[in-house]
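Below is one structure, written out as structure tokens, with a few remarks after it.
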Amino acid sequence: MGFKGSYSKATLISMGALAAQVGFGLLAIAILAKFLPKAQFGNFIIALTATQLAASVLSTSTERAALFVMSRQGKGVRPEEKSALIVIAGLTGAVGTLVCLLVSMVIGDFGAEAVAGWVAWLSPLMFATCFRATINACLRASLRTTTFALLEYAMPATIRVAGLLVVVLMNTSATTPLVSTVFVVSALLPAFLGLAALLPTLGMPQAIRQRGLVRYGLTVMMTKLTSEPNKTLDVVLVGALTSPVVAADYGLASRLTNALSLVKQALDTLLVPRIGRLHAAGNKPQLLKEYALARDAGLAALLVASLCFCIVGRPLLLYLGDYQDAYALVLMLLAGSVLRVGVGSTGNYLNMIGRPGMNLVATGLGVGTLVVSSSLFIPAMGAEGGAFAVILSQLVMNGCALIIAKRVDHVLLVTPVTLSILIASTVALIALAFGLVPAWLSSVLLAFLVLVLLNRHFSLPFKVNGANT
């Protein structure tokens, strides 16, 4: 039946949970922006972004190792191996928490006491992220989509919003420990619930007999170390090179952009295990078909979200407070997201076919471009320079990944039609950000591009030349 048949129910479940995450995620951002003073919100965004960046990198080694083993072995994976992966993840997260506490002390010694305080209170996120990521990888590889979607998307966002509302109602001055506790609990509680769901399939931890698994996990972690900064390091760099107030505008723009780009993440939860299985089975035509569907669906959802922001973005930011400068930043960051989402999961493709080293080359070039261009553009242009650096790094990283996939696996992961849509939508968003075109014109163009994408996979009452290529 394939991706559109047997996985249609799983897709609907993931989309529902994702909708809850997007809605509650935006609400959490609104609560923090309204509740915290702008400078304090800027310090919080810098600390949260840096902590989540480190936690994401650290958790990747065990998460991807678990996903790699289970997606290829399926039900043949031993319970003892699964338990061992979870224990290793917990120990890794505990070490990460201790390191994060030490880093907060160093930051405080350099005079950034406000950021250091946030980092110290948010340090348990290292353990919570590592633990939850590996447990969810086990659920994900077992295709327990309902449980995974609830624990990964819906529940953390719901807990976060409820906790932040309680903090606001308490009207206390101890905002740093309380807000940090809300974020830690929202990540930790779903992890323990996921562990409870996995208990019947677990055994006593034993040595994992997977040749090359440690090397694979470390290589993927190094890849994450270079790929994840392409999504979040810009926030830290803007905060370091400007001021907390400017970082607040940029951090809010980055969080809004990430929330509007989450559909691709939900589709990846279904696609990534399938990449490993279909490639191992030699069924490359079905693999490319499912890859194209997930790629175009994620891009269409992002373009729809961009269209909506073009219309309602300004009044939304004015409601949150003195954040009108974030409007152009969101549009520019959305242009960078289009370049990332529109090519599909190129990095995951290389990882799941057993070529993480090749992905490391692409992501390394991307993060190098981000750091160098940010160092040049941010001092001269401010927050807009950070957004330009993101666009440039996404262009370099994803272009390299496409070329590598073509050379090592002889596949073309993006079609000429999709490439044309990427160029047109990116130009439209950047032009609107600089006021070169009215919002209605960009909205009409984005709506047309969405219809072209949908026409490639579904029977619409019209045809666009080349849309079914």
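Following the order of the structure tokens, chains are lettered A, B, ..., residues in each are numbered from 1, and ligands are numbered from 1.
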
Using DSSP secondary structure from the backbone, list all alpha helix (DSSP H) positions within range 167-344 of chain A, as an NGL selection string.
:A and (167-170 or 175-198 or 213-227 or 229-241 or 244-260 or 262-281 or 284-320 or 326-341)

Compile the contact shell of Ala326 in chain A as a ChimeraX atom specification: residues with an atom at most 7 Å away, counting only C-alpha atoms, same-chain residues fewer than 5 positions apart removed.
/A:249-250,253

Those residues you just picked out, can you put them in a file as a short mmCIF file (atom, residue, chain, number, x, y, z; two decimals), in the first residue's frame with N, CA and C atoms?
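Contents of the output file out-v5.cif:
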```cif
data_model
loop_
_atom_site.label_atom_id
_atom_site.label_comp_id
_atom_site.auth_asym_id
_atom_site.auth_seq_id
_atom_site.Cartn_x
_atom_site.Cartn_y
_atom_site.Cartn_z
N ASP A 249 14.16 40.23 19.79
CA ASP A 249 13.49 40.29 18.48
C ASP A 249 13.87 39.09 17.62
N TYR A 250 15.17 38.82 17.57
CA TYR A 250 15.63 37.73 16.71
C TYR A 250 15.21 36.38 17.27
N ALA A 253 11.59 35.81 16.51
CA ALA A 253 11.45 35.48 15.09
C ALA A 253 11.88 34.05 14.81
#
```

Using only C-alpha atoms, which residues of range 232-271 of chain A come within 9 Å of range 28-47 of chain A, and what is the closest atom pair for each, with the distance in Å to one decimal? Give it as a tab-separated table, sorted by chain and residue number.
```
residue	atom	partner	partner_atom	distance
A:Val235	CA	A:Ile46	CA	6.5
A:Val236	CA	A:Ile46	CA	5.5
A:Leu237	CA	A:Ile46	CA	8.9
A:Val238	CA	A:Ile46	CA	8.9
A:Gly239	CA	A:Ile46	CA	6.4
A:Ala240	CA	A:Ile46	CA	8.7
A:Ser243	CA	A:Gly42	CA	8.3
A:Pro244	CA	A:Gly42	CA	4.6
A:Val245	CA	A:Ala39	CA	5.0
A:Val246	CA	A:Gly42	CA	7.5
A:Ala247	CA	A:Gly42	CA	5.2
A:Ala248	CA	A:Gly42	CA	3.9
A:Asp249	CA	A:Gly42	CA	7.7
A:Tyr250	CA	A:Gly42	CA	8.6
A:Gly251	CA	A:Ile45	CA	5.9
A:Leu252	CA	A:Ile29	CA	7.5
A:Arg255	CA	A:Ile29	CA	7.6
A:Leu256	CA	A:Ile29	CA	8.0
```

Between CA of Met397 in chain A and CA of Ala362 in chain A, what is the distance in Å, rounded to a tenth?
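Distance reported for this atom pair: 5.1 Å.
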
At a cut-off of 12 Å, using only C-alpha atoms, what residues contact Ala174 in chain A? Leave out same-chain residues fewer than 6 positions from it and give the result as an NGL selection string.
:A and (36 or 117-118 or 121 or 167-168 or 180-181)

Could you pull the residues within 9 Å of Leu188 in chain A, counting only C-alpha atoms, minus those fewer than 5 positions along the same chain, as an mmCIF file with C-alpha atoms, in the first residue's frame?
```cif
data_model
loop_
_atom_site.group_PDB
_atom_site.id
_atom_site.type_symbol
_atom_site.label_atom_id
_atom_site.label_comp_id
_atom_site.auth_asym_id
_atom_site.auth_seq_id
_atom_site.Cartn_x
_atom_site.Cartn_y
_atom_site.Cartn_z
ATOM 1 C CA LEU A 125 17.187 19.643 29.949
ATOM 2 C CA PHE A 127 19.271 14.660 30.774
ATOM 3 C CA ALA A 128 15.597 15.013 29.850
ATOM 4 C CA THR A 129 16.371 15.437 26.143
ATOM 5 C CA PHE A 131 16.459 10.212 27.828
ATOM 6 C CA ARG A 132 13.314 11.169 25.910
ATOM 7 C CA PRO A 156 5.257 18.549 26.064
ATOM 8 C CA PHE A 183 10.495 23.539 30.476
ATOM 9 C CA LEU A 193 5.518 7.873 30.300
#
```

I'd like the contact shell of Val161 in chain A - 7 Å cut-off, only C-alpha atoms, skipping same-chain residues fewer than 4 positions apart - returned as a short mmCIF file (atom, residue, chain, number, x, y, z; two decimals) with N, CA and C atoms, in the first residue's frame.
```
data_model
loop_
_atom_site.label_atom_id
_atom_site.label_comp_id
_atom_site.auth_asym_id
_atom_site.auth_seq_id
_atom_site.Cartn_x
_atom_site.Cartn_y
_atom_site.Cartn_z
N PHE A 24 0.07 25.23 20.76
CA PHE A 24 0.52 25.48 22.11
C PHE A 24 1.93 26.09 22.13
N LEU A 27 1.48 29.68 21.59
CA LEU A 27 0.89 30.27 22.80
C LEU A 27 1.95 30.43 23.89
N ALA A 28 2.84 29.45 24.02
CA ALA A 28 3.91 29.56 25.01
C ALA A 28 4.83 30.74 24.70
N ALA A 157 4.15 20.27 24.74
CA ALA A 157 3.64 21.62 24.51
C ALA A 157 2.48 21.95 25.44
N LEU A 165 1.18 29.28 32.43
CA LEU A 165 0.00 29.99 32.92
C LEU A 165 -0.04 30.00 34.44
#
```

Do a neighbour search on Ala387 in chain A at 9 Å with only C-alpha atoms, toss out local chain neighbours closer than 2 positions, and write the hits as a ChimeraX atom specification.
/A:234,250,329-330,332-333,336,374,378,383-385,389-392

Counting only C-alpha atoms, the option among A:Leu331, A:Ile404, A:Leu370, A:Cys308 closest to Leu350 in chain A:
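That would be A:Ile404, the residue with the smallest distance to Leu350 in chain A.
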
Separation of CA of Ala401 in chain A and CA of Thr92 in chain A, in Å?
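Between CA of Ala401 in chain A and CA of Thr92 in chain A the gap works out to 29.2 Å.
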